[in-house]
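Right, one structure below, let's go through it.
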Amino acid sequence: MASVATMSILNSAPPTRYTNKVNVPFMHREVINISSSSKTFKIFSRLKNKVAATKGVSAVCEPLPPDRPLWFPGSSPPPWLDGSLPGDFGFDPLGLGSDPELLKWFAQAELMHGRWAMLAVFGILVPEVLQNLGFIDEFSWYTAGEKTYFADTWTLFITQMVLMGWVEGRRWADMLNPGCVDIEPKYPTKKGYKPDVGYPGGLWFDPWMWGRGSPEPVMVLRTKEIKHGRLAMLAFVGFWFQAVYTGGSPLDNLMAHLADPGHANIFSVST
């Protein structure tokens with residue numbers, strides 16, 4: 001009667017992801033050390049929280065699977081890049097994201113730079129197309145700061161610094177205390193929407209509610225956004241490089257390259 005049986009039950013059911021209130025995905029439940037005696041049963045249950053550097057990103061964004069595409073086929077991603085960030089292809093050769101707080105900052109910085117770059121590329125290409133069609137005259141994004149506007153340069157600069165400082169201050173506050181700057185209208189009959197850091201959503205930034213769908217499509221949309229942002233950052237660097245070395249616009253340089261790829265390319269800047 002005094003016999004003691006000890007056993008461990010692991011993975012008794014297929015692992016299912018859940019999400020707690022602080023957006024930390026739960027691993028499967030482990031029930032360990034079931035000890036029995038004649039009249040006493042002790043059950044110890046433990047929940048293992050795999051808290052990685054990138055956790056707390058989103059409650060509605062499905063992490064990428066372990067077999068996700070990587071930047072170098074056959075390589076192993078670092079442990080802090082576990083697929084919970086959009087656009088995570090395991091690329092961090094210098095280990096810059098090994099610190100959890102720095103990784104959160106880098107993720108937000110890349111997202112903001114990508115969005116600004118997309119706006120910049122759009123603002124460079126569209127006016128050039130309109131100029132080629134005859135709707136506007138003498139457009140040059142590279143010398144736009146030299147033109148005369150409705151106010152002097154210092155007034156525009158100070159105004160922009162004040163406005164951007166206010167916006168960036170609110171974004172910084174949202175990073176420190178997620179949801180503290182929520183401007184979503186509140187209705188007594190409608191459940192509130194808690195936005196993710198960097199993805200305010202709501203009526204003003206997500207009127208069609210694309211970011212409130214099932215987790216997998218949300219991750220797909222956010223991955224597309226960050227990939228487009230990375231491409232736009234590279235494109236803007238290319239625009240600047242062309243303006244400095246050729247003096248031409250992006251579309252003019254593209255047409256010149258298509259007309260003579262052997263001579264109008266990146267290697268021709270040294271000739």
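A note on labels: chains of the structure tokens are A, B, ... as shown, every chain counts residues from 1, and ligands are counted from 1 in their shown order.
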Could you name the residues that touch stretch 227-237 of chain A at 7 Å or less, counting only C-alpha atoms, but leaving out those on the same chain fewer than 2 positions away, as a PyMOL selection string?
chain A and resi 87+114-115+117-118+121+223-225+239-241
Could you pull the residues within 10 Å of A:Ala243, counting only C-alpha atoms, minus those fewer than 4 positions along the same chain, as a JSON list (two decimals) with all heavy atoms, in the first residue's frame?
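Output (out_35.json):
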```
[["chain", "number", "residue", "atom", "x", "y", "z"],
["A", 140, "SER", "N", 11.63, 68.80, -59.34],
["A", 140, "SER", "CA", 12.85, 68.09, -58.98],
["A", 140, "SER", "C", 12.83, 67.87, -57.47],
["A", 140, "SER", "O", 12.93, 68.83, -56.70],
["A", 140, "SER", "CB", 14.11, 68.87, -59.37],
["A", 140, "SER", "OG", 15.28, 68.22, -58.87],
["A", 141, "TRP", "N", 12.71, 66.63, -57.05],
["A", 141, "TRP", "CA", 12.65, 66.36, -55.62],
["A", 141, "TRP", "C", 13.97, 66.71, -54.93],
["A", 141, "TRP", "O", 13.97, 67.10, -53.77],
["A", 141, "TRP", "CB", 12.33, 64.88, -55.38],
["A", 141, "TRP", "CG", 13.47, 63.94, -55.72],
["A", 141, "TRP", "CD1", 13.73, 63.36, -56.91],
["A", 141, "TRP", "CD2", 14.49, 63.51, -54.82],
["A", 141, "TRP", "NE1", 14.86, 62.59, -56.84],
["A", 141, "TRP", "CE2", 15.35, 62.65, -55.55],
["A", 141, "TRP", "CE3", 14.79, 63.74, -53.48],
["A", 141, "TRP", "CZ2", 16.46, 62.03, -54.98],
["A", 141, "TRP", "CZ3", 15.90, 63.14, -52.91],
["A", 141, "TRP", "CH2", 16.72, 62.29, -53.65],
["A", 142, "TYR", "N", 15.07, 66.61, -55.67],
["A", 142, "TYR", "CA", 16.39, 66.82, -55.08],
["A", 142, "TYR", "C", 16.62, 68.30, -54.75],
["A", 142, "TYR", "O", 17.34, 68.62, -53.79],
["A", 142, "TYR", "CB", 17.47, 66.31, -56.04],
["A", 142, "TYR", "CG", 18.84, 66.25, -55.44],
["A", 142, "TYR", "CD1", 19.15, 65.31, -54.47],
["A", 142, "TYR", "CD2", 19.84, 67.13, -55.84],
["A", 142, "TYR", "CE1", 20.41, 65.24, -53.90],
["A", 142, "TYR", "CE2", 21.12, 67.07, -55.27],
["A", 142, "TYR", "CZ", 21.39, 66.12, -54.30],
["A", 142, "TYR", "OH", 22.65, 66.07, -53.75],
["A", 143, "THR", "N", 16.02, 69.18, -55.49],
["A", 143, "THR", "CA", 16.18, 70.62, -55.25],
["A", 143, "THR", "C", 14.91, 71.27, -54.73],
["A", 143, "THR", "O", 14.77, 72.49, -54.77],
["A", 143, "THR", "CB", 16.61, 71.32, -56.55],
["A", 143, "THR", "OG1", 15.60, 71.10, -57.56],
["A", 143, "THR", "CG2", 17.94, 70.77, -57.04],
["A", 237, "VAL", "N", 17.51, 55.23, -51.40],
["A", 237, "VAL", "CA", 18.97, 55.34, -51.47],
["A", 237, "VAL", "C", 19.42, 55.37, -52.93],
["A", 237, "VAL", "O", 20.32, 56.14, -53.31],
["A", 237, "VAL", "CB", 19.64, 54.18, -50.71],
["A", 237, "VAL", "CG1", 21.15, 54.18, -50.95],
["A", 237, "VAL", "CG2", 19.35, 54.28, -49.23],
["A", 238, "GLY", "N", 18.78, 54.56, -53.77],
["A", 238, "GLY", "CA", 19.10, 54.58, -55.19],
["A", 238, "GLY", "C", 18.76, 55.89, -55.85],
["A", 238, "GLY", "O", 19.52, 56.40, -56.68],
["A", 239, "PHE", "N", 17.62, 56.49, -55.48],
["A", 239, "PHE", "CA", 17.23, 57.79, -56.03],
["A", 239, "PHE", "C", 18.27, 58.85, -55.67],
["A", 239, "PHE", "O", 18.65, 59.68, -56.51],
["A", 239, "PHE", "CB", 15.86, 58.21, -55.49],
["A", 239, "PHE", "CG", 14.72, 57.37, -55.99],
["A", 239, "PHE", "CD1", 13.45, 57.53, -55.46],
["A", 239, "PHE", "CD2", 14.90, 56.41, -56.98],
["A", 239, "PHE", "CE1", 12.39, 56.77, -55.92],
["A", 239, "PHE", "CE2", 13.85, 55.63, -57.44],
["A", 239, "PHE", "CZ", 12.60, 55.81, -56.90],
["A", 247, "GLY", "N", 22.57, 63.47, -61.91],
["A", 247, "GLY", "CA", 21.79, 64.69, -62.02],
["A", 247, "GLY", "C", 20.43, 64.48, -62.64],
["A", 247, "GLY", "O", 19.70, 65.45, -62.85],
["A", 248, "GLY", "N", 20.07, 63.24, -62.91],
["A", 248, "GLY", "CA", 18.78, 62.96, -63.54],
["A", 248, "GLY", "C", 17.76, 62.45, -62.54],
["A", 248, "GLY", "O", 18.08, 62.13, -61.39],
["A", 249, "SER", "N", 16.53, 62.38, -62.98],
["A", 249, "SER", "CA", 15.45, 61.88, -62.14],
["A", 249, "SER", "C", 15.40, 60.35, -62.20],
["A", 249, "SER", "O", 16.01, 59.73, -63.08],
["A", 249, "SER", "CB", 14.12, 62.46, -62.62],
["A", 249, "SER", "OG", 13.81, 61.97, -63.93],
["A", 250, "PRO", "N", 14.69, 59.70, -61.28],
["A", 250, "PRO", "CA", 14.61, 58.24, -61.29],
["A", 250, "PRO", "C", 14.08, 57.66, -62.59],
["A", 250, "PRO", "O", 14.64, 56.69, -63.13],
["A", 250, "PRO", "CB", 13.68, 57.93, -60.12],
["A", 250, "PRO", "CG", 13.85, 59.09, -59.19],
["A", 250, "PRO", "CD", 14.06, 60.27, -60.07],
["A", 253, "ASN", "N", 16.63, 58.09, -65.44],
["A", 253, "ASN", "CA", 17.70, 57.10, -65.31],
["A", 253, "ASN", "C", 17.23, 55.70, -65.69],
["A", 253, "ASN", "O", 17.98, 54.92, -66.28],
["A", 253, "ASN", "CB", 18.24, 57.09, -63.88],
["A", 253, "ASN", "CG", 19.17, 58.26, -63.61],
["A", 253, "ASN", "OD1", 20.34, 58.24, -63.98],
["A", 253, "ASN", "ND2", 18.66, 59.28, -62.94]]
```
Name the residues in contact with A:Leu64 at a cut-off of 9 Å, using only C-alpha atoms, excluding same-chain residues fewer than 5 positions from it; report them as a PyMOL selection string.
chain A and resi 82-86+88+216+219
Just the selected residues (N, CA and C atoms), exported as a PDB file, in the first residue's frame, please.
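Output below, filename out_27.pdb:
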```pdb
ATOM      1  N   ASP A  82      12.297  34.454 -33.443  1.00  0.00           N
ATOM      2  CA  ASP A  82      11.515  33.219 -33.389  1.00  0.00           C
ATOM      3  C   ASP A  82      10.292  33.239 -34.298  1.00  0.00           C
ATOM      4  N   GLY A  83      10.197  34.218 -35.177  1.00  0.00           N
ATOM      5  CA  GLY A  83       9.071  34.259 -36.107  1.00  0.00           C
ATOM      6  C   GLY A  83       7.888  35.056 -35.631  1.00  0.00           C
ATOM      7  N   SER A  84       7.962  35.684 -34.463  1.00  0.00           N
ATOM      8  CA  SER A  84       6.825  36.455 -33.967  1.00  0.00           C
ATOM      9  C   SER A  84       6.794  37.872 -34.521  1.00  0.00           C
ATOM     10  N   LEU A  85       7.865  38.307 -35.187  1.00  0.00           N
ATOM     11  CA  LEU A  85       7.889  39.627 -35.806  1.00  0.00           C
ATOM     12  C   LEU A  85       7.577  39.517 -37.295  1.00  0.00           C
ATOM     13  N   PRO A  86       6.772  40.427 -37.843  1.00  0.00           N
ATOM     14  CA  PRO A  86       6.541  40.417 -39.286  1.00  0.00           C
ATOM     15  C   PRO A  86       7.844  40.626 -40.056  1.00  0.00           C
ATOM     16  N   ASP A  88      10.271  38.499 -40.366  1.00  0.00           N
ATOM     17  CA  ASP A  88      11.404  37.857 -39.706  1.00  0.00           C
ATOM     18  C   ASP A  88      11.899  36.694 -40.565  1.00  0.00           C
ATOM     19  N   GLU A 216      -3.561  34.660 -39.028  1.00  0.00           N
ATOM     20  CA  GLU A 216      -2.655  34.370 -40.145  1.00  0.00           C
ATOM     21  C   GLU A 216      -2.698  35.455 -41.214  1.00  0.00           C
ATOM     22  N   MET A 219      -0.739  38.558 -40.111  1.00  0.00           N
ATOM     23  CA  MET A 219       0.706  38.415 -40.250  1.00  0.00           C
ATOM     24  C   MET A 219       1.128  38.563 -41.708  1.00  0.00           C
TER      25      MET A 219
END
```
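Across the model, the gap from atom CA of A:Asp174 to atom CA of A:Pro200 is 9.6 Å.
For the atom pair formed by atom CA of A:Trp105 and atom CA of A:Asn177, the distance is 13.7 Å, given to one decimal.
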Could you please write out, as a VMD selection string, every residue of stretch 41-220 of chain A that DSSP assigns to strand (DSSP E)?
chain A and resid 41 to 49
Dump as a PDB file, in the first residue's frame, selection limited to C-alpha atoms:
```
ATOM      1  CA  PHE A  41      -2.612  12.256  -4.236  1.00  0.00           C
ATOM      2  CA  LYS A  42      -0.470  15.224  -5.078  1.00  0.00           C
ATOM      3  CA  ILE A  43      -0.798  16.777  -8.503  1.00  0.00           C
ATOM      4  CA  PHE A  44       1.611  19.413  -9.557  1.00  0.00           C
ATOM      5  CA  SER A  45       0.704  21.314 -12.695  1.00  0.00           C
ATOM      6  CA  ARG A  46       2.997  23.758 -14.341  1.00  0.00           C
ATOM      7  CA  LEU A  47       2.495  26.141 -17.254  1.00  0.00           C
ATOM      8  CA  LYS A  48       5.631  26.834 -19.218  1.00  0.00           C
ATOM      9  CA  ASN A  49       5.814  30.311 -20.636  1.00  0.00           C
TER      10      ASN A  49
END
```
All residues 12 Å or closer to stretch 161-172 of chain A, only C-alpha atoms, same chain fewer than 2 positions away omitted, as a ChimeraX atom specification
/A:104-105,108-109,112,154-159,174-183,196-200
If you keep C-alpha atoms, can you produce a file of those selected residues as a tab-separated table (two decimals), in the first residue's frame?
```tsv
chain	number	residue	atom	x	y	z
A	104	LYS	CA	11.60	46.14	-29.76
A	105	TRP	CA	13.17	49.50	-30.61
A	108	GLN	CA	9.61	49.91	-34.47
A	109	ALA	CA	12.39	51.96	-36.05
A	112	MET	CA	8.61	53.75	-39.20
A	154	TRP	CA	13.03	78.57	-40.80
A	155	THR	CA	9.29	78.89	-40.15
A	156	LEU	CA	8.61	75.67	-42.03
A	157	PHE	CA	11.46	73.90	-40.24
A	158	ILE	CA	10.35	74.93	-36.75
A	159	THR	CA	6.71	74.11	-37.50
A	174	ASP	CA	2.76	54.20	-26.69
A	175	MET	CA	5.92	52.07	-26.76
A	176	LEU	CA	6.44	52.58	-23.02
A	177	ASN	CA	2.77	52.08	-22.14
A	178	PRO	CA	0.90	50.35	-25.01
A	179	GLY	CA	-2.58	51.72	-25.59
A	180	CYS	CA	-2.11	54.93	-23.58
A	181	VAL	CA	-2.60	57.16	-26.62
A	182	ASP	CA	-5.53	55.31	-28.12
A	183	ILE	CA	-7.84	57.70	-30.00
A	196	ASP	CA	-0.66	46.89	-31.12
A	197	VAL	CA	2.39	49.10	-30.80
A	198	GLY	CA	3.12	50.50	-34.24
A	199	TYR	CA	-0.28	49.40	-35.57
A	200	PRO	CA	-2.85	51.86	-34.17
```
Choose the residue, out of A:Leu81, A:Ile136, A:Val218, A:Ala144, that has the smallest atom-to-atom separation from A:Leu103; count only C-alpha atoms.
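Looking at the shortest contact to A:Leu103, the residue is A:Leu81.
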